[in-house]
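Structure first, commentary second.
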2 protein chains.
Amino acid sequence: MSSRPVSIKDVADTAGVAVGTVSNVLNHPSRVSAATRERVQAAIDALGFVRNDAARQLRAGQSRTIGLVVLDVANPFFASLARAAEDCAAENGSTVVLGDSGQDAEREARYIDVFEQQRVQGMLISPVGDVGPRVEALRQRGMPVVLVDRVDPQRRCSSVSVDDVAGGYIAVRHLLEAGRRRIAFVGTRADYRQVADRLAGARQAIEEHDGAVLEVLEADAMTVLAGRDIGETIARRGHRELPDGIFCANDLLAIGVMQAVLLIRGLRIPEDLALIGYDDIDFSASTVVPLTSVRKPTELMGRTAVELLLEEIEGPAARRRQVIFDPELVERRSTQAGVHAVG
Amino acid sequence: MSSRPVSIKDVADTAGVAVGTVSNVLNHPSRVSAATRERVQAAIDALGFVRNDAARQLRAGQSRTIGLVVLDVANPFFASLARAAEDCAAENGSTVVLGDSGQDAEREARYIDVFEQQRVQGMLISPVGDVGPRVEALRQRGMPVVLVDRVDPQRRCSSVSVDDVAGGYIAVRHLLEAGRRRIAFVGTRADYRQVADRLAGARQAIEEHDGAVLEVLEADAMTVLAGRDIGETIARRGHRELPDGIFCANDLLAIGVMQAVLLIRGLRIPEDLALIGYDDIDFSASTVVPLTSVRKPTELMGRTAVELLLEEIEGPAARRRQVIFDPELVERRSTQAGVHAVG
DNA sequence: CCGTGCTTTTGAATCGTTTCATTAGCACGT
DNA sequence: ACGTGCTAATGAAACGATTCAAAAGCACGG
């Protein structure tokens, strides 16, 4: 039974060198002669020595860890953002540890506290509610913070986010370019700013195009079921009142709409009706008619967030930057051009 | 500009007490008089003191953190397992930090190393490949480890996992109880043990039931697309060769099969064909015909994993336990009883 | 005034590493 | 033999918290 954890001192004794030498083998191998290096390495292996990060950090005053607090790991957006952040951090010799707040402000606070006590190099936070004061306090104590998927209205810290107005614009312009003119927007009642932004973008695209009209349909929720309800009411309309292009505020709604219009009325997508969603969830590639969608540049966001953070870690005086990405269109069959059955 | 991080010494000076007293305020408030406690607290607030976990840990020799290494945070199973583990850990005064190996053995190894250097209390690992030797080494150095979603063949450490044979059995028995007799199993060629186990369970249920027959259909992959291919070949069969119950090795396959049989042949689910999947992914509740599925007791697994780990942390001599859960059936319309159109 | 039995406070020692000024060792030219 | 200029190795100090034996403070009875 192992009695006591193996320390650098034990290694030094076994190898017959001073502790400083062992430390040098670990951190500055070039300063140590090859022979000694080997002897020390042998002792390390024999004893199963593992560096104590607490002591190392205490002395160094800094760790090589980045804390990432996300709203919901189950959300593929955050999952793949985390993946990208980890990759980028690894390339820079750091490690990302993940905390899942689960949309709970209390848990979020706990993770922020834990990470601060652990003296992480910095934090990436996708905040639940208003973390303004909290972030302000962190910054005052010199902790670098970058907001993810949210901008700081007061520009106190850097952030990466996505322009949902641009996303809505892209989506509807795509419908217009495919020859559609009677466009419907399906979303909830501005619960989220995001929905309102997407609608604003949609309006903008419509206004730029003579003869295009936009109709707004309000769903109960952002779910497949709510989408199916909307789809059913659309499917029951007379031929003249049918839209020829539908933009849904997220993919779940779009999938619901698709299920309803295909099955109830037997409408054809995209011939009778072009359909576009938002978020590009995994499933959208696998629907009966593969769904065109708008997606955030997730990997890019993750990498950029880490880069902004490292920038600030290296030069605390660095200017705060709000990086706002444009989302990108993912074209699939649901909006295929050239098959519009002009009615 | 803050010059130097605030230490317990600074707090002591400001409050006019000794460092030991400040430490006592933080860790054993009852030992300190109310007046002093208040004075110290005021100093802490004024200076914005945050405990240095590295120093604390160095002295204490142990942290209050549990490391969780998962195969893929984007997988909802792990996401919700992590959530449950966090809850359970929080109730016991610990915090879970998450590392995503992304099915990459190298990243997995990195996280295990980092967590060991951080001297976490213990680790929960859902291993990529064979972590036998690695885990063995960890254990030798006294690091408690619990495997998740995998058993250690050599029983060296505790584990929580799911009995996929039982899952396959439950699924097919459910079909049989709904009056189906010509059952088809859709899966891949034993890529994963899991698929083989589910098939074994299916066979077992069939054997217990006179007059029931099982047909095995081999898909190219565990995807919606592969399921659609299988569904198409089924849909093209003559009436007599049609199965009346299909068990798919996962929900994606089942969804593909559903798309194909509904659209191509216009078969009715569940009247003509009962369909059951596996995993109970979010989407299965939202398919055109809501899909019956088999799910792992995710939350229970997360909590149990943490409990086993804590058990071992508290009493390193505790017996290793392999906890194997039975999966549970989630009934939805795709297997609804009493609507079988007997052919 | 002093001893006794409390509670409260003190501060040095400790954890395991890194750092860095110092010493040791060695080769070479004079 | 001795200084010079290297490289390699040494070991004490420092990081910031916790712990704990010891000291201080206090109330009270004799």
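Ligands are numbered from 1 in the order shown, residues from 1 within each chain, and chains are lettered A, B, ... in the order they appear in the structure tokens.
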For a quick test of understanding: name the residues of chain C lying within 8 Å of chain A when counting only C-alpha atoms (C1' of nucleotides), and present them as a compact mmCIF listing (two decimals) with N, CA and C atoms (P, O5', C5', C4', C3', O3' and C1' of nucleotides), in the first residue's frame.
# COMPACT_ATOMS: atom_id res chain seq x y z
P DG C 16 4.56 17.01 0.37
O5' DG C 16 4.84 17.85 -0.96
C5' DG C 16 3.79 18.00 -1.89
C4' DG C 16 4.28 18.82 -3.06
C3' DG C 16 5.55 18.29 -3.72
O3' DG C 16 5.40 18.43 -5.11
C1' DG C 16 5.89 20.50 -3.01
P DT C 17 6.50 17.89 -6.11
O5' DT C 17 7.00 19.21 -6.81
C5' DT C 17 6.16 19.91 -7.66
C4' DT C 17 6.48 21.40 -7.63
C3' DT C 17 7.67 21.83 -8.46
O3' DT C 17 7.18 22.18 -9.75
C1' DT C 17 7.47 23.05 -6.39
P DT C 18 8.24 22.49 -10.90
O5' DT C 18 8.73 23.97 -10.54
C5' DT C 18 7.82 25.04 -10.68
C4' DT C 18 8.50 26.34 -10.29
C3' DT C 18 9.69 26.73 -11.19
O3' DT C 18 9.51 28.10 -11.51
C1' DT C 18 10.34 26.73 -8.92
(message) Quick check: residues of chain B within 7 Å of chain A, only C-alpha atoms, returned as a PyMOL selection string.
(response) chain B and resi 2+50-55+57-58+73-74+76+79+97-99+117-118+141+224-225+259+286+288
(request) Quick one: pull the distance between CA of Ala254 (chain B) and CA of Ile230 (chain B), Å, one decimal. (result)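 Answer for the CA of Ala254 (chain B) to CA of Ile230 (chain B) separation: 9.7 Å.
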(request) Residues of chain D no more than 8 Å from chain A, counting only C-alpha atoms (C1' of nucleotides): send them over as a VMD selection string. (result) chain D and resid 8 to 11 14 to 16
(request) From region 77-280 of chain B, collect each residue whose DSSP state is helix (DSSP H, G or I) and return the set as a PyMOL selection string. (result) chain B and resi 77-91+105-117+132-140+164-177+193-207+224-235+239-241+251-264
Write out, as an mmCIF file, in the first residue's frame, the residues just selected, with C-alpha atoms.
data_model
loop_
_atom_site.group_PDB
_atom_site.id
_atom_site.type_symbol
_atom_site.label_atom_id
_atom_site.label_comp_id
_atom_site.auth_asym_id
_atom_site.auth_seq_id
_atom_site.Cartn_x
_atom_site.Cartn_y
_atom_site.Cartn_z
ATOM 1 C CA PHE B 77 -26.245 10.782 -22.762
ATOM 2 C CA PHE B 78 -22.990 12.165 -21.439
ATOM 3 C CA ALA B 79 -24.362 15.659 -21.169
ATOM 4 C CA SER B 80 -27.136 14.602 -18.878
ATOM 5 C CA LEU B 81 -24.933 12.153 -17.021
ATOM 6 C CA ALA B 82 -22.549 15.017 -16.358
ATOM 7 C CA ARG B 83 -25.394 17.158 -15.137
ATOM 8 C CA ALA B 84 -26.502 14.500 -12.694
ATOM 9 C CA ALA B 85 -22.955 13.900 -11.514
ATOM 10 C CA GLU B 86 -22.536 17.607 -10.871
ATOM 11 C CA ASP B 87 -25.705 17.722 -8.829
ATOM 12 C CA CYS B 88 -24.706 14.757 -6.747
ATOM 13 C CA ALA B 89 -21.198 16.105 -6.223
ATOM 14 C CA ALA B 90 -22.548 19.510 -5.236
ATOM 15 C CA GLU B 91 -24.690 17.887 -2.563
ATOM 16 C CA ALA B 105 -7.157 8.548 -26.851
ATOM 17 C CA GLU B 106 -4.517 11.238 -26.790
ATOM 18 C CA ARG B 107 -6.863 13.865 -25.459
ATOM 19 C CA GLU B 108 -8.211 11.402 -22.976
ATOM 20 C CA ALA B 109 -4.687 10.796 -21.746
ATOM 21 C CA ARG B 110 -4.063 14.519 -21.482
ATOM 22 C CA TYR B 111 -7.104 15.076 -19.341
ATOM 23 C CA ILE B 112 -6.263 12.174 -17.085
ATOM 24 C CA ASP B 113 -2.772 13.608 -16.622
ATOM 25 C CA VAL B 114 -4.027 17.098 -15.942
ATOM 26 C CA PHE B 115 -6.558 15.874 -13.425
ATOM 27 C CA GLU B 116 -3.979 13.762 -11.680
ATOM 28 C CA GLN B 117 -1.578 16.680 -11.467
ATOM 29 C CA GLY B 132 -6.587 -0.789 -18.292
ATOM 30 C CA PRO B 133 -2.880 -0.081 -17.771
ATOM 31 C CA ARG B 134 -3.457 3.603 -17.288
ATOM 32 C CA VAL B 135 -6.153 3.091 -14.688
ATOM 33 C CA GLU B 136 -4.018 0.517 -12.980
ATOM 34 C CA ALA B 137 -1.222 3.062 -12.626
ATOM 35 C CA LEU B 138 -3.629 5.668 -11.272
ATOM 36 C CA ARG B 139 -4.952 3.274 -8.695
ATOM 37 C CA GLN B 140 -1.471 2.313 -7.612
ATOM 38 C CA ASP B 164 -27.610 -3.948 -23.342
ATOM 39 C CA VAL B 165 -28.672 -7.567 -23.506
ATOM 40 C CA ALA B 166 -31.497 -6.710 -21.146
ATOM 41 C CA GLY B 167 -32.287 -3.694 -23.313
ATOM 42 C CA GLY B 168 -32.633 -5.807 -26.424
ATOM 43 C CA TYR B 169 -34.728 -8.284 -24.512
ATOM 44 C CA ILE B 170 -37.099 -5.602 -23.206
ATOM 45 C CA ALA B 171 -37.524 -4.104 -26.647
ATOM 46 C CA VAL B 172 -38.454 -7.323 -28.382
ATOM 47 C CA ARG B 173 -40.605 -8.578 -25.549
ATOM 48 C CA HIS B 174 -42.527 -5.356 -25.836
ATOM 49 C CA LEU B 175 -43.126 -6.034 -29.529
ATOM 50 C CA LEU B 176 -44.238 -9.572 -28.751
ATOM 51 C CA GLU B 177 -46.611 -8.346 -26.066
ATOM 52 C CA ARG B 193 -20.328 -4.847 -28.592
ATOM 53 C CA GLN B 194 -23.442 -2.887 -27.771
ATOM 54 C CA VAL B 195 -25.117 -3.849 -31.026
ATOM 55 C CA ALA B 196 -24.214 -7.482 -30.545
ATOM 56 C CA ASP B 197 -25.596 -7.381 -26.999
ATOM 57 C CA ARG B 198 -28.864 -5.849 -28.108
ATOM 58 C CA LEU B 199 -29.219 -8.526 -30.729
ATOM 59 C CA ALA B 200 -28.466 -11.234 -28.188
ATOM 60 C CA GLY B 201 -31.207 -9.873 -25.954
ATOM 61 C CA ALA B 202 -33.587 -9.796 -28.876
ATOM 62 C CA ARG B 203 -32.833 -13.451 -29.666
ATOM 63 C CA GLN B 204 -33.458 -14.401 -26.085
ATOM 64 C CA ALA B 205 -36.915 -12.820 -26.099
ATOM 65 C CA ILE B 206 -37.775 -14.551 -29.372
ATOM 66 C CA GLU B 207 -36.727 -17.938 -28.069
ATOM 67 C CA VAL B 224 -30.753 7.930 -40.408
ATOM 68 C CA LEU B 225 -29.595 7.487 -43.968
ATOM 69 C CA ALA B 226 -28.620 3.872 -43.452
ATOM 70 C CA GLY B 227 -31.971 3.315 -41.767
ATOM 71 C CA ARG B 228 -33.753 4.804 -44.744
ATOM 72 C CA ASP B 229 -31.966 2.353 -47.043
ATOM 73 C CA ILE B 230 -33.101 -0.568 -44.950
ATOM 74 C CA GLY B 231 -36.594 0.906 -44.757
ATOM 75 C CA GLU B 232 -36.749 1.126 -48.538
ATOM 76 C CA THR B 233 -35.852 -2.501 -49.054
ATOM 77 C CA ILE B 234 -38.458 -3.478 -46.487
ATOM 78 C CA ALA B 235 -41.082 -1.250 -48.069
ATOM 79 C CA HIS B 239 -47.095 -8.258 -48.311
ATOM 80 C CA ARG B 240 -46.351 -11.726 -47.004
ATOM 81 C CA GLU B 241 -42.671 -11.018 -46.403
ATOM 82 C CA ASP B 251 -33.054 5.659 -32.788
ATOM 83 C CA LEU B 252 -31.353 7.131 -35.835
ATOM 84 C CA LEU B 253 -31.812 3.882 -37.713
ATOM 85 C CA ALA B 254 -35.409 3.699 -36.538
ATOM 86 C CA ILE B 255 -36.129 7.220 -37.719
ATOM 87 C CA GLY B 256 -34.694 6.389 -41.127
ATOM 88 C CA VAL B 257 -36.803 3.254 -41.341
ATOM 89 C CA MET B 258 -39.854 5.248 -40.333
ATOM 90 C CA GLN B 259 -39.290 7.882 -43.003
ATOM 91 C CA ALA B 260 -38.956 5.235 -45.685
ATOM 92 C CA VAL B 261 -41.909 3.018 -44.842
ATOM 93 C CA LEU B 262 -44.293 5.928 -44.282
ATOM 94 C CA LEU B 263 -43.447 7.751 -47.467
ATOM 95 C CA ILE B 264 -42.616 5.067 -49.994
#
(request) Just give me the gap between CA of Glu331 (chain A) and CA of Ala178 (chain A) in Å, one decimal is fine. (result)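 Computed distance, CA of Glu331 (chain A) to CA of Ala178 (chain A), equals 11.5 Å.
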(message) Would you pick out the contacts of DC26 (chain C) at 12 Å or less, using only C-alpha atoms (C1' of nucleotides), so that residues sharing its chain but fewer than 2 positions from it are not included, and give the list as a PyMOL selection string?
(response) (chain C and resi 24+28) or (chain D and resi 4-8)
(request) Write out as an MDAnalysis selection string all residues of region 119-277 of chain B that backbone DSSP assigns to strand (DSSP E or B). (result) chainID B and resid 122:125 145:148 158:162 182:187 213:218 245:248 274:276
Deliver the residues from the most recent selection as a file, using N, CA and C atoms, as a tab-separated table (two decimals), in the first residue's frame.
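Heads up, here's the output in result.tsv:
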chain	number	residue	atom	x	y	z
B	122	GLY	N	-10.88	12.36	-7.22
B	122	GLY	CA	-11.05	11.11	-7.92
B	122	GLY	C	-11.53	11.39	-9.34
B	123	MET	N	-11.60	10.36	-10.15
B	123	MET	CA	-12.01	10.56	-11.54
B	123	MET	C	-13.11	9.60	-11.95
B	124	LEU	N	-14.00	10.12	-12.78
B	124	LEU	CA	-14.96	9.29	-13.48
B	124	LEU	C	-14.53	9.28	-14.94
B	125	ILE	N	-14.36	8.09	-15.50
B	125	ILE	CA	-13.86	8.01	-16.86
B	125	ILE	C	-14.74	7.12	-17.72
B	145	VAL	N	-10.81	5.79	-8.99
B	145	VAL	CA	-11.34	5.88	-10.35
B	145	VAL	C	-12.61	5.04	-10.45
B	146	VAL	N	-13.61	5.58	-11.12
B	146	VAL	CA	-14.81	4.79	-11.42
B	146	VAL	C	-15.04	4.87	-12.93
B	147	LEU	N	-15.22	3.72	-13.54
B	147	LEU	CA	-15.50	3.70	-14.97
B	147	LEU	C	-16.99	3.93	-15.24
B	148	VAL	N	-17.25	4.63	-16.33
B	148	VAL	CA	-18.63	4.95	-16.66
B	148	VAL	C	-18.98	4.35	-18.01
B	158	SER	N	-14.38	0.15	-9.61
B	158	SER	CA	-15.83	0.15	-9.69
B	158	SER	C	-16.28	0.70	-11.03
B	159	SER	N	-17.52	0.43	-11.37
B	159	SER	CA	-18.04	0.94	-12.63
B	159	SER	C	-19.56	1.00	-12.59
B	160	VAL	N	-20.09	1.87	-13.43
B	160	VAL	CA	-21.54	1.86	-13.66
B	160	VAL	C	-21.74	1.67	-15.16
B	161	SER	N	-22.66	0.80	-15.50
B	161	SER	CA	-22.90	0.57	-16.92
B	161	SER	C	-24.32	0.07	-17.11
B	162	VAL	N	-24.62	-0.26	-18.34
B	162	VAL	CA	-25.98	-0.65	-18.66
B	162	VAL	C	-25.95	-2.01	-19.34
B	182	ARG	N	-43.56	-11.52	-36.42
B	182	ARG	CA	-42.48	-11.54	-37.41
B	182	ARG	C	-41.62	-10.30	-37.16
B	183	ILE	N	-40.56	-10.49	-36.38
B	183	ILE	CA	-39.75	-9.38	-35.90
B	183	ILE	C	-38.48	-9.23	-36.75
B	184	ALA	N	-38.13	-8.00	-37.05
B	184	ALA	CA	-36.86	-7.74	-37.73
B	184	ALA	C	-35.94	-6.95	-36.81
B	185	PHE	N	-34.68	-7.31	-36.80
B	185	PHE	CA	-33.68	-6.54	-36.05
B	185	PHE	C	-32.82	-5.80	-37.05
B	186	VAL	N	-32.66	-4.50	-36.87
B	186	VAL	CA	-31.82	-3.71	-37.77
B	186	VAL	C	-30.61	-3.20	-36.99
B	187	GLY	N	-29.42	-3.56	-37.47
B	187	GLY	CA	-28.21	-3.10	-36.78
B	187	GLY	C	-27.01	-3.24	-37.69
B	213	VAL	N	-40.59	-15.23	-34.89
B	213	VAL	CA	-39.38	-15.41	-35.69
B	213	VAL	C	-38.62	-14.10	-35.75
B	214	LEU	N	-37.29	-14.22	-35.84
B	214	LEU	CA	-36.45	-13.03	-35.90
B	214	LEU	C	-35.63	-13.04	-37.19
B	215	GLU	N	-35.62	-11.89	-37.83
B	215	GLU	CA	-34.84	-11.73	-39.05
B	215	GLU	C	-33.84	-10.62	-38.76
B	216	VAL	N	-32.60	-10.78	-39.18
B	216	VAL	CA	-31.59	-9.76	-38.90
B	216	VAL	C	-31.23	-9.02	-40.18
B	217	LEU	N	-31.37	-7.72	-40.16
B	217	LEU	CA	-31.04	-6.90	-41.32
B	217	LEU	C	-29.81	-6.06	-41.00
B	218	GLU	N	-28.86	-6.08	-41.91
B	218	GLU	CA	-27.61	-5.41	-41.62
B	218	GLU	C	-27.52	-4.04	-42.29
B	245	GLY	N	-43.07	-6.17	-36.84
B	245	GLY	CA	-42.42	-5.43	-35.76
B	245	GLY	C	-40.94	-5.27	-36.07
B	246	ILE	N	-40.43	-4.07	-35.90
B	246	ILE	CA	-39.01	-3.84	-36.20
B	246	ILE	C	-38.33	-3.24	-34.97
B	247	PHE	N	-37.21	-3.83	-34.63
B	247	PHE	CA	-36.40	-3.30	-33.53
B	247	PHE	C	-35.09	-2.80	-34.11
B	248	CYS	N	-34.82	-1.51	-33.98
B	248	CYS	CA	-33.59	-0.93	-34.53
B	248	CYS	C	-32.58	-0.71	-33.41
B	274	ALA	N	-45.03	-2.19	-36.19
B	274	ALA	CA	-44.62	-1.54	-34.94
B	274	ALA	C	-43.11	-1.29	-35.02
B	275	LEU	N	-42.68	-0.18	-34.46
B	275	LEU	CA	-41.28	0.20	-34.61
B	275	LEU	C	-40.73	0.64	-33.25
B	276	ILE	N	-39.56	0.13	-32.93
B	276	ILE	CA	-38.95	0.53	-31.66
B	276	ILE	C	-37.47	0.81	-31.87
(message) Would you compute the distance between CA of Pro297 (chain B) and CA of Pro327 (chain B)? Give it in Å to one decimal.
(response)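 The value is 6.1 Å.
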